[in-house]
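The structure file structure_17.cif is reproduced below (mmCIF, N, CA and C atoms).
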data_run
#
loop_
_atom_site.label_atom_id
_atom_site.label_comp_id
_atom_site.auth_asym_id
_atom_site.auth_seq_id
_atom_site.Cartn_x
_atom_site.Cartn_y
_atom_site.Cartn_z
N MET A 649 0.84 -1.17 0.00
CA MET A 649 0.00 0.00 0.00
C MET A 649 0.89 1.24 0.00
N PRO A 650 1.24 1.73 -1.18
CA PRO A 650 2.13 2.87 -1.25
C PRO A 650 1.43 4.20 -0.98
N ILE A 651 2.22 5.14 -0.51
CA ILE A 651 1.76 6.52 -0.35
C ILE A 651 2.25 7.27 -1.58
N TYR A 652 1.32 7.93 -2.27
CA TYR A 652 1.65 8.69 -3.46
C TYR A 652 1.48 10.17 -3.19
N GLU A 653 2.26 10.99 -3.89
CA GLU A 653 2.13 12.43 -3.82
C GLU A 653 1.44 12.90 -5.09
N TYR A 654 0.53 13.86 -4.94
CA TYR A 654 -0.25 14.38 -6.07
C TYR A 654 -0.23 15.89 -6.09
N HIS A 655 -0.46 16.43 -7.29
CA HIS A 655 -0.64 17.87 -7.50
C HIS A 655 -2.02 18.03 -8.12
N CYS A 656 -2.87 18.84 -7.51
CA CYS A 656 -4.22 19.09 -8.03
C CYS A 656 -4.14 20.15 -9.12
N GLU A 657 -4.63 19.82 -10.31
CA GLU A 657 -4.63 20.76 -11.43
C GLU A 657 -5.66 21.87 -11.23
N SER A 658 -6.68 21.63 -10.42
CA SER A 658 -7.74 22.61 -10.22
C SER A 658 -7.38 23.69 -9.20
N CYS A 659 -6.88 23.28 -8.04
CA CYS A 659 -6.60 24.27 -6.98
C CYS A 659 -5.11 24.40 -6.66
N THR A 660 -4.26 23.65 -7.34
CA THR A 660 -2.80 23.65 -7.22
C THR A 660 -2.26 23.12 -5.90
N ARG A 661 -3.09 22.50 -5.09
CA ARG A 661 -2.61 21.93 -3.83
C ARG A 661 -1.78 20.68 -4.11
N GLU A 662 -0.73 20.48 -3.33
CA GLU A 662 0.03 19.24 -3.36
C GLU A 662 -0.25 18.49 -2.07
N PHE A 663 -0.49 17.17 -2.19
CA PHE A 663 -0.81 16.37 -1.03
C PHE A 663 -0.35 14.94 -1.27
N GLU A 664 -0.33 14.16 -0.20
CA GLU A 664 -0.01 12.75 -0.32
C GLU A 664 -1.15 11.94 0.27
N THR A 665 -1.30 10.73 -0.25
CA THR A 665 -2.37 9.87 0.23
C THR A 665 -1.98 8.40 0.06
N LEU A 666 -2.51 7.59 0.92
CA LEU A 666 -2.31 6.15 0.88
C LEU A 666 -3.28 5.57 -0.14
N VAL A 667 -2.77 4.80 -1.10
CA VAL A 667 -3.62 4.20 -2.13
C VAL A 667 -3.70 2.70 -1.86
N MET A 668 -4.88 2.25 -1.51
CA MET A 668 -5.09 0.85 -1.15
C MET A 668 -5.13 -0.07 -2.37
N ARG A 669 -5.76 0.38 -3.47
CA ARG A 669 -5.89 -0.42 -4.68
C ARG A 669 -5.67 0.46 -5.90
N LYS A 670 -5.14 -0.14 -6.98
CA LYS A 670 -4.93 0.62 -8.21
C LYS A 670 -6.24 1.21 -8.74
N SER A 671 -7.32 0.51 -8.53
CA SER A 671 -8.61 0.96 -9.05
C SER A 671 -9.24 2.08 -8.21
N GLU A 672 -8.63 2.41 -7.08
CA GLU A 672 -9.17 3.44 -6.19
C GLU A 672 -9.07 4.82 -6.85
N THR A 673 -10.14 5.59 -6.77
CA THR A 673 -10.14 6.95 -7.31
C THR A 673 -9.65 7.90 -6.24
N VAL A 674 -8.64 8.69 -6.60
CA VAL A 674 -8.08 9.67 -5.67
C VAL A 674 -8.61 11.04 -6.05
N THR A 675 -9.04 11.80 -5.05
CA THR A 675 -9.52 13.16 -5.28
C THR A 675 -8.80 14.12 -4.33
N CYS A 676 -8.77 15.37 -4.71
CA CYS A 676 -8.13 16.41 -3.90
C CYS A 676 -8.91 16.60 -2.60
N PRO A 677 -8.22 16.61 -1.46
CA PRO A 677 -8.91 16.79 -0.19
C PRO A 677 -9.46 18.21 -0.01
N ASP A 678 -8.97 19.18 -0.77
CA ASP A 678 -9.47 20.56 -0.65
C ASP A 678 -10.68 20.83 -1.53
N CYS A 679 -10.53 20.54 -2.84
CA CYS A 679 -11.60 20.92 -3.77
C CYS A 679 -12.39 19.73 -4.32
N GLY A 680 -11.92 18.50 -4.07
CA GLY A 680 -12.64 17.31 -4.53
C GLY A 680 -12.40 16.95 -5.98
N SER A 681 -11.53 17.67 -6.66
CA SER A 681 -11.25 17.41 -8.07
C SER A 681 -10.50 16.09 -8.24
N ASP A 682 -10.73 15.44 -9.38
CA ASP A 682 -9.97 14.23 -9.71
C ASP A 682 -8.95 14.52 -10.81
N LYS A 683 -8.74 15.79 -11.13
CA LYS A 683 -7.74 16.20 -12.12
C LYS A 683 -6.40 16.36 -11.41
N LEU A 684 -5.72 15.22 -11.25
CA LEU A 684 -4.49 15.17 -10.46
C LEU A 684 -3.32 14.69 -11.30
N SER A 685 -2.14 15.15 -10.94
CA SER A 685 -0.89 14.65 -11.52
C SER A 685 -0.13 13.99 -10.39
N ARG A 686 0.31 12.76 -10.61
CA ARG A 686 1.11 12.09 -9.59
C ARG A 686 2.54 12.60 -9.68
N LEU A 687 3.11 12.98 -8.55
CA LEU A 687 4.45 13.53 -8.49
C LEU A 687 5.47 12.43 -8.22
N ILE A 688 6.70 12.73 -8.56
CA ILE A 688 7.79 11.81 -8.23
C ILE A 688 8.19 12.10 -6.80
N SER A 689 8.12 11.11 -5.95
CA SER A 689 8.45 11.28 -4.54
C SER A 689 9.95 11.36 -4.34
N ALA A 690 10.36 12.11 -3.35
CA ALA A 690 11.78 12.24 -3.05
C ALA A 690 12.40 10.89 -2.73
N HIS A 691 11.68 10.03 -2.01
CA HIS A 691 12.25 8.72 -1.69
C HIS A 691 12.38 7.85 -2.93
N ALA A 692 11.61 8.12 -3.96
CA ALA A 692 11.72 7.35 -5.19
C ALA A 692 12.96 7.75 -5.97
N ILE A 693 13.36 8.99 -5.84
CA ILE A 693 14.54 9.47 -6.54
C ILE A 693 15.79 8.99 -5.82
N GLY A 694 15.78 9.04 -4.52
CA GLY A 694 16.91 8.61 -3.72
C GLY A 694 17.95 9.70 -3.59
N HIS A 695 18.78 9.56 -2.60
CA HIS A 695 19.86 10.49 -2.39
C HIS A 695 20.93 9.82 -1.55
N GLY A 696 22.09 10.40 -1.53
CA GLY A 696 23.19 9.80 -0.79
C GLY A 696 24.08 9.01 -1.71
N ALA A 697 25.13 8.48 -1.16
CA ALA A 697 26.12 7.75 -1.95
C ALA A 697 25.59 6.38 -2.36
N PRO A 698 25.90 5.97 -3.58
CA PRO A 698 25.49 4.63 -4.03
C PRO A 698 26.32 3.57 -3.33
N ASP A 699 25.88 2.34 -3.43
CA ASP A 699 26.68 1.22 -2.89
C ASP A 699 27.88 1.04 -3.80
N THR A 700 29.04 1.32 -3.28
CA THR A 700 30.27 1.19 -4.05
C THR A 700 31.28 0.42 -3.23
N ALA A 701 32.31 -0.03 -3.89
CA ALA A 701 33.35 -0.77 -3.19
C ALA A 701 34.05 0.10 -2.16
N CYS A 702 34.18 1.40 -2.45
CA CYS A 702 34.86 2.28 -1.51
C CYS A 702 33.88 2.99 -0.59
N GLY A 703 32.57 2.88 -0.87
CA GLY A 703 31.56 3.45 0.01
C GLY A 703 31.19 4.89 -0.25
N SER A 704 31.75 5.50 -1.29
CA SER A 704 31.38 6.88 -1.58
C SER A 704 31.45 7.17 -3.06
N ALA A 705 30.66 8.14 -3.51
CA ALA A 705 30.70 8.59 -4.89
C ALA A 705 31.97 9.40 -5.08
N PRO A 706 32.55 9.54 -6.24
CA PRO A 706 32.09 9.12 -7.55
C PRO A 706 32.61 7.76 -7.96
N CYS A 707 32.97 6.94 -7.03
CA CYS A 707 33.47 5.61 -7.31
C CYS A 707 32.42 4.82 -8.10
N SER A 708 32.86 3.93 -8.94
CA SER A 708 31.95 3.11 -9.74
C SER A 708 31.23 2.10 -8.86
N PRO A 709 30.01 1.69 -9.25
CA PRO A 709 29.28 0.67 -8.48
C PRO A 709 30.07 -0.63 -8.39
N MET A 710 29.83 -1.39 -7.33
CA MET A 710 30.51 -2.67 -7.15
C MET A 710 30.24 -3.57 -8.34
N PRO A 711 31.09 -4.40 -8.75
CA PRO A 711 32.48 -4.59 -8.37
C PRO A 711 33.43 -3.83 -9.27
N ALA A 712 32.96 -2.82 -10.00
CA ALA A 712 33.77 -2.14 -10.99
C ALA A 712 34.99 -1.42 -10.40
N CYS A 713 35.01 -1.14 -9.11
CA CYS A 713 36.16 -0.47 -8.50
C CYS A 713 37.39 -1.35 -8.54
N GLY A 714 37.22 -2.63 -8.69
CA GLY A 714 38.36 -3.54 -8.71
C GLY A 714 38.90 -3.77 -7.32
N GLY A 715 40.12 -4.27 -7.25
CA GLY A 715 40.69 -4.62 -5.96
C GLY A 715 41.43 -3.50 -5.29
N GLY A 716 41.73 -2.41 -6.03
CA GLY A 716 42.51 -1.32 -5.46
C GLY A 716 41.66 -0.23 -4.87
N MET A 717 42.32 0.85 -4.53
CA MET A 717 41.61 2.00 -3.98
C MET A 717 40.94 2.77 -5.12
N CYS A 718 39.84 3.40 -4.81
CA CYS A 718 39.15 4.22 -5.78
C CYS A 718 39.92 5.53 -5.96
N PRO A 719 39.83 6.16 -7.14
CA PRO A 719 40.52 7.42 -7.35
C PRO A 719 40.11 8.44 -6.30
N GLY A 720 41.07 9.17 -5.79
CA GLY A 720 40.79 10.20 -4.80
C GLY A 720 40.66 9.66 -3.39
N MET A 721 40.71 8.36 -3.20
CA MET A 721 40.54 7.76 -1.87
C MET A 721 41.86 7.27 -1.30
N GLN A 722 42.98 7.56 -1.97
CA GLN A 722 44.28 7.04 -1.55
C GLN A 722 44.89 7.87 -0.46
#
Please go through the file and, once you have read it, give me the structure as structure tokens.
Amino acid sequence: MPIYEYHCESCTREFETLVMRKSETVTCPDCGSDKLSRLISAHAIGHGAPDTACGSAPCSPMPACGGGMCPGMQ
């Protein structure tokens, strides 16, 4: 049961809501409109360093770092 973020095209409010089923109709809690755009959530984009052999960016993802030290980490 994911929580989605929406932008209402009618009143411009942004809100998030729990969606129980794909077939569920979501409406704006302020104006009741169903003219919504689903936003990309910050947690969906992600942030922070990727999993790398050296543990920090800009190192290549595992196992591309090889057996040595990553550039700049020496």
Item to complete: Step by step, work through what the PyMOL selection byres (((chain A and resi 658-661 and name CA) around 7) and name CA) selects in the shown file, and finish by giving those residues as an NGL selection string.
Response: :A and (655-657 or 662-663 or 679 or 681 or 683)
Go ahead and write the residues just picked, N, CA and C atoms, as an mmCIF file, in the frame of the given file.
data_model
loop_
_atom_site.group_PDB
_atom_site.id
_atom_site.type_symbol
_atom_site.label_atom_id
_atom_site.label_comp_id
_atom_site.auth_asym_id
_atom_site.auth_seq_id
_atom_site.Cartn_x
_atom_site.Cartn_y
_atom_site.Cartn_z
ATOM 1 N N HIS A 655 -0.460 16.430 -7.290
ATOM 2 C CA HIS A 655 -0.640 17.870 -7.500
ATOM 3 C C HIS A 655 -2.020 18.030 -8.120
ATOM 4 N N CYS A 656 -2.870 18.840 -7.510
ATOM 5 C CA CYS A 656 -4.220 19.090 -8.030
ATOM 6 C C CYS A 656 -4.140 20.150 -9.120
ATOM 7 N N GLU A 657 -4.630 19.820 -10.310
ATOM 8 C CA GLU A 657 -4.630 20.760 -11.430
ATOM 9 C C GLU A 657 -5.660 21.870 -11.230
ATOM 10 N N GLU A 662 -0.730 20.480 -3.330
ATOM 11 C CA GLU A 662 0.030 19.240 -3.360
ATOM 12 C C GLU A 662 -0.250 18.490 -2.070
ATOM 13 N N PHE A 663 -0.490 17.170 -2.190
ATOM 14 C CA PHE A 663 -0.810 16.370 -1.030
ATOM 15 C C PHE A 663 -0.350 14.940 -1.270
ATOM 16 N N CYS A 679 -10.530 20.540 -2.840
ATOM 17 C CA CYS A 679 -11.600 20.920 -3.770
ATOM 18 C C CYS A 679 -12.390 19.730 -4.320
ATOM 19 N N SER A 681 -11.530 17.670 -6.660
ATOM 20 C CA SER A 681 -11.250 17.410 -8.070
ATOM 21 C C SER A 681 -10.500 16.090 -8.240
ATOM 22 N N LYS A 683 -8.740 15.790 -11.130
ATOM 23 C CA LYS A 683 -7.740 16.200 -12.120
ATOM 24 C C LYS A 683 -6.400 16.360 -11.410
#
Worksheet item: Which distance in Å separates atom N of Met668 in chain A and CA of Arg686 in chain A, to one decimal?
Response: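 A separation of 14.1 Å between them.
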Worksheet item: Which polymer residues have any atom within 6 Å of an atom of Thr665 in chain A, counting all atoms listed in the file, with same-chain residues fewer than 5 positions away left out, as an NGL selection string?
Response: :A and (650-654)
Worksheet, complete the sentence: As a check of understanding: the span from CA of Leu684 in chain A to CA of Glu664 in chain A is 11.3 Å
Worksheet item: atom N of Leu666 in chain A and atom N of Ile688 in chain A are how many Å apart?
Response: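 Separation between atom N of Leu666 in chain A and atom N of Ile688 in chain A: 14.2 Å.
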